[in-house]
Amino acid sequence: MAKRRKLGRGVAVVGAGMSRFGMFRDRDSKDLFAEAFRDMTASVDKGLDPADIDALYLGNFSNDYFMRQSHWGPLISDLVGITPKPATRTEGACASSALAFREGVFAIASGFYDIVLVGGVEEMSKRTTEEVAEGLALATVPYEGKAGFTFPGVFGAVATAYFEKYGAGREHLMNVTIKSHENAPLNPKAQYPYTIRDMMEAKKASLEKRGIPVPEWEDEKAFLRDSKVNPVVAWPMHLYDCCPISDGASCMLLVAEEIAKNFTDEPVYLAGMGQGSGRGFHASEALTYFEATRYAAKEAYGMAGMGPEDVQFAEVHDCFSIAEIIHIEDLGFFREGEGYKAVEEGRTRLAGPKPINTSGGLKCKGHPVGATGISQLYEVWTQLRGKAGARQIPNKNLRVGAAHNLGGTGGTCTFTILERR
Amino acid sequence: MNDTKRWIPVREGLWSDPSADGGEAQLIGSHCLTCGELFFPRQDSGLCSYCQSKDLEDIRLSSKGKIYSYTVVMQRPPVYYKAEVPYAIGFVELPEGIRVETLFTGCDLEKLHVGMDVEMVIEKLHEDDEGNEIVAYKFRPVTS
């Protein structure tokens, strides 16, 4: 049973920013972080003097591998002009920057620092897809690569187990994809800001232009069922069930609660946070949930004095479509085995009762792994402040939102609840 | 035939060598005598990665089990994997109560299903540059 956690003193978020996510031939990690930092600085209502920042915590999974360069903490503190203030890198695979956020919280809650910059960065697209997959495989067991075990493969097996247990099918995965792509065009930072219908029409136009017969796709699902446009990666995971390879950066400014009003009249406060670790699949009772997510959720809800019903919307780690269905169950938003039905009924859409991944999720927004955790919190912060523009959740009483970040195949999971008071 | 051609296991110590000790090849796992945890592959460090006990014994795992879950991979994975595509991988549950990650073989990939009875075989994965056969354990449907 998780203990009830509490902070030594409260922590507020008073600024947040992210770069555009995408595959950038001509932009590097520093350039992307600089964009995120400028975006964050501009979001601090009463202004920020970077000289006031006490420390930096930076999430990065594997730029060592992707860019042949490690030690990103001081490279970034130099970039944003805060040396000789301390810079510390955190690593937890795809949850690396959620861990940076937590370290920033601990540092402030302990009373040691008052103003902390937390962020994340990853630059993946300069490598081939094969090399990226090899780099990501660093988060798994060494010999497995030779025997053909891949991330899509593992999540394919997770989906098969889920289908078998609860009677869901491939069409239910498509509902997740279609929903995420509905939100994406409303997010100017997204890597793929297109609906599935947009892509279907674009494909038709391109085929017509080249004089190739255009298939009669009657709707989005027919388009997704066409293996020419949506080939199988690892059954039942198709191309449109998998998040892309991305470059990007994100950051946030955390301050002690008592000084939050020096920065903005509308701070967002940390209500609860939890983190769990998980064992290999050999030891899991089932492949249909992540124990580490459930632990992280219990810790966060306990600390916040809230339950899943209090969280009005969330960003969850949809590295694969099946993962989104499992997370919304693990986080208690929907009953075990019923997540796929909730998506089908439209409950997780932008205008639904529990909007999930209003940013477009990893699938459409992009997944520069080390930047993802804080980019999710950026979305929650933006929604809570009513600044999400066209993708603003149509609920005037938006008060509580949360972000769930997952590393590897559930080895590291975090859940963070933010609130407006 | 090249007479220097050899069979090389994808990793040493995954299964028992029938030519050395007779009988059939069996997967080798570790059993922790302190906490009871089972592992596959065996813990080469000699340490239980759950309770840190050094009191581990090698165990021969059952060669028959049931498919817990699977997937058919259609896209060529990273550089390490050199065998054919598509291929099937997944998890087999053994009677000892441990789940083993494995490749599947010996049947139409479309016929695989959860709960299917399968047995372990040692089979070629791919050939290396010298023409040696790199071999791995796989599971195939029980025919009889």
# chains A, B, ... in the order shown; residues from 1 in each chain; ligands from 1
$ select_by_dssp --residues "range 162-315 of chain A" --states "alpha helix (DSSP H)" --output "VMD selection string"
chain A and resid 162 to 166 170 to 183 196 to 209 220 to 225 291 to 304
$ closest_atom_pairs --of "chain A" --to "chain B" --cutoff "8 Å" --atoms "only C-alpha atoms" --output "tab-separated table"
residue	atom	partner	partner_atom	distance
A:Glu130	CA	B:Pro78	CA	4.5
A:Glu131	CA	B:Pro78	CA	6.6
A:Ala133	CA	B:Pro78	CA	5.8
A:Glu134	CA	B:Pro78	CA	5.5
A:Tyr143	CA	B:Arg11	CA	7.0
A:Gly145	CA	B:Tyr80	CA	5.7
A:Lys146	CA	B:Tyr81	CA	4.5
A:Ala147	CA	B:Tyr81	CA	6.2
A:Gly148	CA	B:Tyr81	CA	5.4
A:Phe149	CA	B:Ile89	CA	7.2
A:Thr150	CA	B:Pro77	CA	6.7
A:Gly153	CA	B:Thr71	CA	6.2
A:Val154	CA	B:Gly90	CA	7.5
A:Gly156	CA	B:Thr71	CA	5.3
A:Ala157	CA	B:Tyr70	CA	4.6
A:Val158	CA	B:Ser69	CA	7.3
A:Thr160	CA	B:Ser69	CA	5.9
A:Ala161	CA	B:Ser69	CA	5.3
A:Glu164	CA	B:Val114	CA	7.3
A:Val232	CA	B:Met74	CA	6.0
A:Val233	CA	B:Met74	CA	5.2
A:Ala234	CA	B:Val73	CA	4.0
A:Trp235	CA	B:Val72	CA	5.2
A:Pro236	CA	B:Thr71	CA	7.2
A:Phe281	CA	B:Arg99	CA	7.7
A:His282	CA	B:Arg99	CA	4.8
A:Ala283	CA	B:Ile98	CA	7.3
$ write_last_selection --atoms "N, CA, C and O atoms" --output "compact mmCIF listing (two decimals), in the first residue's frame"
# COMPACT_ATOMS: atom_id res chain seq x y z
N GLU A 130 16.28 2.28 -38.62
CA GLU A 130 16.91 1.09 -38.02
C GLU A 130 17.81 1.47 -36.85
O GLU A 130 17.81 0.82 -35.81
N GLU A 131 18.58 2.54 -37.04
CA GLU A 131 19.47 2.96 -35.96
C GLU A 131 18.68 3.45 -34.75
O GLU A 131 19.06 3.21 -33.61
N ALA A 133 15.69 2.47 -33.90
CA ALA A 133 15.13 1.29 -33.24
C ALA A 133 16.21 0.60 -32.41
O ALA A 133 15.97 0.12 -31.30
N GLU A 134 17.43 0.58 -32.93
CA GLU A 134 18.54 -0.03 -32.19
C GLU A 134 18.82 0.78 -30.92
O GLU A 134 19.04 0.23 -29.85
N TYR A 143 20.17 -9.54 -25.53
CA TYR A 143 20.20 -10.51 -26.63
C TYR A 143 18.91 -10.49 -27.44
O TYR A 143 18.83 -11.06 -28.51
N GLY A 145 17.39 -8.36 -29.23
CA GLY A 145 17.41 -7.76 -30.56
C GLY A 145 17.69 -8.79 -31.64
O GLY A 145 16.99 -8.84 -32.66
N LYS A 146 18.69 -9.64 -31.41
CA LYS A 146 19.05 -10.65 -32.41
C LYS A 146 17.92 -11.62 -32.68
O LYS A 146 17.79 -12.16 -33.76
N ALA A 147 17.11 -11.86 -31.66
CA ALA A 147 16.00 -12.80 -31.82
C ALA A 147 14.74 -12.09 -32.28
O ALA A 147 13.66 -12.66 -32.27
N GLY A 148 14.87 -10.82 -32.69
CA GLY A 148 13.75 -10.15 -33.35
C GLY A 148 12.75 -9.46 -32.44
O GLY A 148 11.68 -9.10 -32.88
N PHE A 149 13.11 -9.25 -31.17
CA PHE A 149 12.17 -8.55 -30.29
C PHE A 149 12.33 -7.04 -30.46
O PHE A 149 13.42 -6.51 -30.35
N THR A 150 11.22 -6.38 -30.76
CA THR A 150 11.24 -4.94 -31.00
C THR A 150 10.13 -4.31 -30.15
O THR A 150 9.24 -5.02 -29.67
N GLY A 153 6.85 -4.99 -31.64
CA GLY A 153 6.57 -6.42 -31.44
C GLY A 153 6.01 -6.68 -30.05
O GLY A 153 5.01 -7.38 -29.89
N VAL A 154 6.65 -6.11 -29.04
CA VAL A 154 6.19 -6.31 -27.67
C VAL A 154 4.78 -5.73 -27.50
O VAL A 154 3.89 -6.37 -26.94
N GLY A 156 2.65 -5.27 -29.84
CA GLY A 156 1.76 -6.13 -30.63
C GLY A 156 1.28 -7.30 -29.78
O GLY A 156 0.09 -7.64 -29.77
N ALA A 157 2.22 -7.90 -29.04
CA ALA A 157 1.85 -9.02 -28.16
C ALA A 157 0.95 -8.54 -27.02
O ALA A 157 0.04 -9.25 -26.59
N VAL A 158 1.19 -7.32 -26.55
CA VAL A 158 0.33 -6.74 -25.51
C VAL A 158 -1.10 -6.60 -26.06
O VAL A 158 -2.08 -6.97 -25.40
N THR A 160 -2.49 -8.30 -28.55
CA THR A 160 -3.09 -9.63 -28.73
C THR A 160 -3.65 -10.14 -27.40
O THR A 160 -4.76 -10.68 -27.35
N ALA A 161 -2.87 -9.96 -26.33
CA ALA A 161 -3.31 -10.43 -25.01
C ALA A 161 -4.56 -9.67 -24.57
O ALA A 161 -5.51 -10.25 -24.02
N GLU A 164 -7.61 -10.82 -26.58
CA GLU A 164 -8.03 -12.15 -26.14
C GLU A 164 -8.82 -12.07 -24.83
O GLU A 164 -9.84 -12.73 -24.66
N VAL A 232 0.98 -3.33 -41.94
CA VAL A 232 1.21 -3.94 -40.63
C VAL A 232 2.67 -3.71 -40.24
O VAL A 232 3.57 -3.90 -41.05
N VAL A 233 2.89 -3.33 -39.00
CA VAL A 233 4.25 -3.29 -38.46
C VAL A 233 4.49 -4.57 -37.66
O VAL A 233 5.40 -5.35 -37.96
N ALA A 234 3.69 -4.80 -36.66
CA ALA A 234 3.70 -6.05 -35.89
C ALA A 234 2.26 -6.27 -35.46
O ALA A 234 1.75 -5.56 -34.61
N TRP A 235 1.61 -7.22 -36.06
CA TRP A 235 0.17 -7.40 -35.92
C TRP A 235 -0.26 -7.40 -34.46
O TRP A 235 0.37 -8.05 -33.67
N PRO A 236 -1.32 -6.72 -34.05
CA PRO A 236 -2.22 -5.86 -34.83
C PRO A 236 -1.76 -4.40 -34.93
O PRO A 236 -2.56 -3.55 -35.30
N PHE A 281 8.43 -8.52 -18.51
CA PHE A 281 7.16 -9.20 -18.78
C PHE A 281 7.15 -10.65 -18.30
O PHE A 281 6.10 -11.24 -18.13
N HIS A 282 8.34 -11.25 -18.10
CA HIS A 282 8.37 -12.65 -17.62
C HIS A 282 7.69 -12.75 -16.26
O HIS A 282 7.18 -13.78 -15.88
N ALA A 283 7.75 -11.63 -15.51
CA ALA A 283 7.28 -11.66 -14.13
C ALA A 283 5.90 -11.02 -13.98
O ALA A 283 5.35 -11.00 -12.89
$ residues_around --residues "Leu58 in chain A" --least-positions-apart "2" --cutoff "8 Å" --atoms "only C-alpha atoms" --output "PyMOL selection string"
chain A and resi 56+60+72-73+87-90+97+100+118-121
$ write_last_selection --atoms "N, CA and C atoms" --output "tab-separated table (two decimals), in the first residue's frame"
chain	number	residue	atom	x	y	z
A	56	LEU	N	19.02	23.64	-12.98
A	56	LEU	CA	18.37	22.99	-14.13
A	56	LEU	C	18.35	21.48	-13.92
A	60	ASN	N	16.95	13.50	-20.63
A	60	ASN	CA	17.43	13.10	-21.96
A	60	ASN	C	17.68	11.60	-21.90
A	72	TRP	N	24.45	16.35	-21.35
A	72	TRP	CA	23.61	17.43	-21.86
A	72	TRP	C	23.21	18.48	-20.82
A	73	GLY	N	23.40	18.16	-19.53
A	73	GLY	CA	23.04	19.13	-18.50
A	73	GLY	C	23.75	20.46	-18.71
A	87	ALA	N	23.49	21.92	-13.13
A	87	ALA	CA	22.66	21.27	-14.16
A	87	ALA	C	22.79	19.77	-13.98
A	88	THR	N	21.65	19.08	-13.94
A	88	THR	CA	21.64	17.64	-13.67
A	88	THR	C	20.77	16.95	-14.69
A	89	ARG	N	21.30	15.89	-15.28
A	89	ARG	CA	20.51	15.14	-16.27
A	89	ARG	C	19.81	13.96	-15.60
A	90	THR	N	18.58	13.70	-16.03
A	90	THR	CA	17.85	12.53	-15.54
A	90	THR	C	17.57	11.61	-16.72
A	97	SER	N	12.05	13.10	-18.92
A	97	SER	CA	11.83	14.46	-18.43
A	97	SER	C	10.75	14.52	-17.35
A	100	ALA	N	12.85	14.57	-14.53
A	100	ALA	CA	13.46	15.90	-14.31
A	100	ALA	C	12.47	16.80	-13.57
A	118	VAL	N	13.07	23.02	-15.38
A	118	VAL	CA	13.09	21.59	-15.71
A	118	VAL	C	12.77	21.46	-17.19
A	119	GLY	N	13.37	20.49	-17.82
A	119	GLY	CA	13.12	20.36	-19.26
A	119	GLY	C	13.51	19.00	-19.79
A	120	GLY	N	13.38	18.87	-21.10
A	120	GLY	CA	13.77	17.62	-21.74
A	120	GLY	C	14.11	17.90	-23.20
A	121	VAL	N	14.97	17.05	-23.75
A	121	VAL	CA	15.34	17.23	-25.15
A	121	VAL	C	15.73	15.88	-25.75
$ closest_atom_pairs --of "range 185-258 of chain A" --to "range 107-116 of chain A" --cutoff "7 Å" --atoms "only C-alpha atoms" --output "CSV"
residue,atom,partner,partner_atom,distance
A:Leu253,CA,A:Val116,CA,6.0
A:Leu254,CA,A:Val116,CA,5.2
A:Val255,CA,A:Ile115,CA,4.5
A:Ala256,CA,A:Asp114,CA,5.3
$ closest_residue --among "A:Asn63, A:Asn230, A:Gln275, A:Thr128" --to "Arg5 in chain A" --atoms "only C-alpha atoms"
A:Gln275
$ closest_residue --among "A:Gly360, A:Trp381, A:Lys3, A:Glu285" --to "Pro185 in chain A" --atoms "only C-alpha atoms"
A:Gly360
$ residues_around --residues "Tyr301 in chain A" --least-positions-apart "5" --cutoff "8 Å" --atoms "only C-alpha atoms" --output "list in words"
Gly272, Met273, Met306, Gly307 and Pro308 of chain A
$ residues_around --residues "Phe37 in chain A" --least-positions-apart "4" --cutoff "10 Å" --atoms "only C-alpha atoms" --output "list in words"
Gly15, Ala16, Gly17, Met18, Ser19, Asp31, Leu32, Phe33, Thr41, Ala42, Ser43, Leu79, Val80, Leu117, Gly119, Ala249, Ser250, Cys251, Met252 and Leu253 of chain A
$ residues_around --residues "Phe66 in chain A" --least-positions-apart "5" --cutoff "8 Å" --atoms "only C-alpha atoms" --output "ChimeraX atom specification"
/A:123-124,126-127,132,135
$ closest_residue --among "A:Lys165, A:His71, A:Lys189, A:Arg27" --to "Glu338 in chain A" --atoms "only C-alpha atoms"
A:Lys165
$ closest_residue --among "A:Ser206, A:Asn175, A:Ser77, A:Asn187" --to "Glu220 in chain A" --atoms "only C-alpha atoms"
A:Asn175
$ select_by_dssp --residues "range 1-129 of chain B" --states "strand (DSSP E or B)" --output "number ranges by chain"
B: 7-9, 15, 27-32, 38-39, 56-60, 64-73, 87-93, 99-104, 117-127
$ residues_around --residues "range 27-35 of chain B" --least-positions-apart "5" --cutoff "10 Å" --atoms "only C-alpha atoms" --output "PDB file with N, CA and C atoms, in the first residue's frame"
ATOM      1  N   GLY B  13      24.348 -20.627 -23.276  1.00  0.00           N
ATOM      2  CA  GLY B  13      23.696 -20.930 -21.998  1.00  0.00           C
ATOM      3  C   GLY B  13      22.189 -20.791 -21.973  1.00  0.00           C
ATOM      4  N   LEU B  14      21.578 -20.577 -23.153  1.00  0.00           N
ATOM      5  CA  LEU B  14      20.112 -20.465 -23.137  1.00  0.00           C
ATOM      6  C   LEU B  14      19.463 -21.843 -22.998  1.00  0.00           C
ATOM      7  N   TRP B  15      20.118 -22.871 -23.600  1.00  0.00           N
ATOM      8  CA  TRP B  15      19.551 -24.224 -23.519  1.00  0.00           C
ATOM      9  C   TRP B  15      20.662 -25.232 -23.304  1.00  0.00           C
ATOM     10  N   SER B  16      20.279 -26.441 -22.830  1.00  0.00           N
ATOM     11  CA  SER B  16      21.251 -27.501 -22.571  1.00  0.00           C
ATOM     12  C   SER B  16      21.693 -28.104 -23.895  1.00  0.00           C
ATOM     13  N   ASP B  17      22.934 -28.547 -23.948  1.00  0.00           N
ATOM     14  CA  ASP B  17      23.507 -29.073 -25.179  1.00  0.00           C
ATOM     15  C   ASP B  17      23.356 -30.589 -25.199  1.00  0.00           C
ATOM     16  N   PHE B  40      14.168 -16.873 -16.750  1.00  0.00           N
ATOM     17  CA  PHE B  40      14.717 -17.309 -18.031  1.00  0.00           C
ATOM     18  C   PHE B  40      15.004 -16.061 -18.829  1.00  0.00           C
ATOM     19  N   PRO B  41      16.172 -15.891 -19.436  1.00  0.00           N
ATOM     20  CA  PRO B  41      17.337 -16.776 -19.363  1.00  0.00           C
ATOM     21  C   PRO B  41      17.888 -16.930 -17.943  1.00  0.00           C
ATOM     22  N   ARG B  42      18.759 -17.942 -17.752  1.00  0.00           N
ATOM     23  CA  ARG B  42      19.348 -18.160 -16.431  1.00  0.00           C
ATOM     24  C   ARG B  42      20.125 -16.924 -16.009  1.00  0.00           C
ATOM     25  N   GLN B  43      20.229 -16.716 -14.719  1.00  0.00           N
ATOM     26  CA  GLN B  43      20.935 -15.551 -14.185  1.00  0.00           C
ATOM     27  C   GLN B  43      22.435 -15.835 -14.214  1.00  0.00           C
ATOM     28  N   ASP B  44      23.102 -15.402 -15.266  1.00  0.00           N
ATOM     29  CA  ASP B  44      24.538 -15.689 -15.400  1.00  0.00           C
ATOM     30  C   ASP B  44      25.362 -15.086 -14.269  1.00  0.00           C
ATOM     31  N   GLY B  46      24.706 -15.295 -11.297  1.00  0.00           N
ATOM     32  CA  GLY B  46      24.609 -16.124 -10.101  1.00  0.00           C
ATOM     33  C   GLY B  46      23.871 -15.437  -8.969  1.00  0.00           C
ATOM     34  N   LEU B  47      23.147 -14.380  -9.329  1.00  0.00           N
ATOM     35  CA  LEU B  47      22.488 -13.563  -8.317  1.00  0.00           C
ATOM     36  C   LEU B  47      21.004 -13.492  -8.665  1.00  0.00           C
ATOM     37  N   CYS B  48      20.163 -13.674  -7.659  1.00  0.00           N
ATOM     38  CA  CYS B  48      18.723 -13.512  -7.907  1.00  0.00           C
ATOM     39  C   CYS B  48      18.455 -12.022  -8.090  1.00  0.00           C
ATOM     40  N   SER B  49      17.924 -11.646  -9.240  1.00  0.00           N
ATOM     41  CA  SER B  49      17.746 -10.205  -9.493  1.00  0.00           C
ATOM     42  C   SER B  49      16.487  -9.687  -8.811  1.00  0.00           C
ATOM     43  N   TYR B  50      15.863 -10.516  -7.992  1.00  0.00           N
ATOM     44  CA  TYR B  50      14.719 -10.030  -7.226  1.00  0.00           C
ATOM     45  C   TYR B  50      15.096  -9.854  -5.755  1.00  0.00           C
ATOM     46  N   CYS B  51      15.748 -10.899  -5.149  1.00  0.00           N
ATOM     47  CA  CYS B  51      16.056 -10.817  -3.712  1.00  0.00           C
ATOM     48  C   CYS B  51      17.560 -10.813  -3.429  1.00  0.00           C
ATOM     49  N   GLN B  52      18.391 -10.820  -4.465  1.00  0.00           N
ATOM     50  CA  GLN B  52      19.857 -10.760  -4.363  1.00  0.00           C
ATOM     51  C   GLN B  52      20.504 -11.987  -3.740  1.00  0.00           C
ATOM     52  N   SER B  53      19.731 -13.025  -3.505  1.00  0.00           N
ATOM     53  CA  SER B  53      20.317 -14.255  -2.960  1.00  0.00           C
ATOM     54  C   SER B  53      21.283 -14.849  -3.983  1.00  0.00           C
ATOM     55  N   LYS B  54      22.352 -15.512  -3.467  1.00  0.00           N
ATOM     56  CA  LYS B  54      23.253 -16.218  -4.385  1.00  0.00           C
ATOM     57  C   LYS B  54      22.918 -17.695  -4.430  1.00  0.00           C
ATOM     58  N   ASP B  55      21.848 -18.058  -3.730  1.00  0.00           N
ATOM     59  CA  ASP B  55      21.455 -19.453  -3.656  1.00  0.00           C
ATOM     60  C   ASP B  55      20.546 -19.817  -4.831  1.00  0.00           C
ATOM     61  N   LEU B  56      21.155 -19.900  -6.022  1.00  0.00           N
ATOM     62  CA  LEU B  56      20.386 -20.195  -7.226  1.00  0.00           C
ATOM     63  C   LEU B  56      20.735 -21.577  -7.734  1.00  0.00           C
ATOM     64  N   GLU B  57      19.752 -22.273  -8.285  1.00  0.00           N
ATOM     65  CA  GLU B  57      20.069 -23.530  -8.971  1.00  0.00           C
ATOM     66  C   GLU B  57      19.597 -23.425 -10.409  1.00  0.00           C
ATOM     67  N   ASP B  58      20.358 -24.086 -11.307  1.00  0.00           N
ATOM     68  CA  ASP B  58      19.916 -24.169 -12.701  1.00  0.00           C
ATOM     69  C   ASP B  58      18.749 -25.134 -12.762  1.00  0.00           C
ATOM     70  N   ILE B  59      17.746 -24.802 -13.555  1.00  0.00           N
ATOM     71  CA  ILE B  59      16.688 -25.786 -13.773  1.00  0.00           C
ATOM     72  C   ILE B  59      16.449 -25.939 -15.268  1.00  0.00           C
ATOM     73  N   ARG B  60      16.084 -27.161 -15.647  1.00  0.00           N
ATOM     74  CA  ARG B  60      15.684 -27.425 -17.026  1.00  0.00           C
ATOM     75  C   ARG B  60      14.197 -27.142 -17.112  1.00  0.00           C
ATOM     76  N   LEU B  61      13.838 -26.258 -18.041  1.00  0.00           N
ATOM     77  CA  LEU B  61      12.427 -25.889 -18.154  1.00  0.00           C
ATOM     78  C   LEU B  61      11.687 -26.848 -19.080  1.00  0.00           C
ATOM     79  N   SER B  62      10.416 -26.993 -18.858  1.00  0.00           N
ATOM     80  CA  SER B  62       9.580 -27.841 -19.716  1.00  0.00           C
ATOM     81  C   SER B  62       9.693 -27.375 -21.155  1.00  0.00           C
ATOM     82  N   SER B  63       9.653 -28.326 -22.048  1.00  0.00           N
ATOM     83  CA  SER B  63       9.748 -27.964 -23.466  1.00  0.00           C
ATOM     84  C   SER B  63       8.387 -27.740 -24.087  1.00  0.00           C
ATOM     85  N   ILE B  98       6.351 -19.818 -15.540  1.00  0.00           N
ATOM     86  CA  ILE B  98       7.195 -18.731 -16.061  1.00  0.00           C
ATOM     87  C   ILE B  98       6.826 -18.481 -17.511  1.00  0.00           C
ATOM     88  N   VAL B 100       8.084 -17.170 -21.218  1.00  0.00           N
ATOM     89  CA  VAL B 100       9.318 -17.091 -21.996  1.00  0.00           C
ATOM     90  C   VAL B 100       9.042 -16.339 -23.289  1.00  0.00           C
ATOM     91  N   MET B 120       9.285 -26.680 -27.738  1.00  0.00           N
ATOM     92  CA  MET B 120      10.526 -25.983 -28.029  1.00  0.00           C
ATOM     93  C   MET B 120      11.365 -26.763 -29.040  1.00  0.00           C
ATOM     94  N   VAL B 121      11.961 -26.044 -29.967  1.00  0.00           N
ATOM     95  CA  VAL B 121      12.930 -26.638 -30.898  1.00  0.00           C
ATOM     96  C   VAL B 121      14.126 -25.686 -31.025  1.00  0.00           C
ATOM     97  N   ILE B 122      15.269 -26.249 -31.425  1.00  0.00           N
ATOM     98  CA  ILE B 122      16.441 -25.421 -31.727  1.00  0.00           C
ATOM     99  C   ILE B 122      16.529 -25.334 -33.242  1.00  0.00           C
ATOM    100  N   TYR B 137      16.481 -20.889 -29.856  1.00  0.00           N
ATOM    101  CA  TYR B 137      15.318 -21.709 -29.485  1.00  0.00           C
ATOM    102  C   TYR B 137      14.097 -21.043 -30.085  1.00  0.00           C
TER     103      TYR B 137
END
$ closest_residue --among "B:Lys111, B:Asp128, B:Glu123, B:Val142" --to "Ala25 in chain B" --atoms "only C-alpha atoms"
B:Glu123
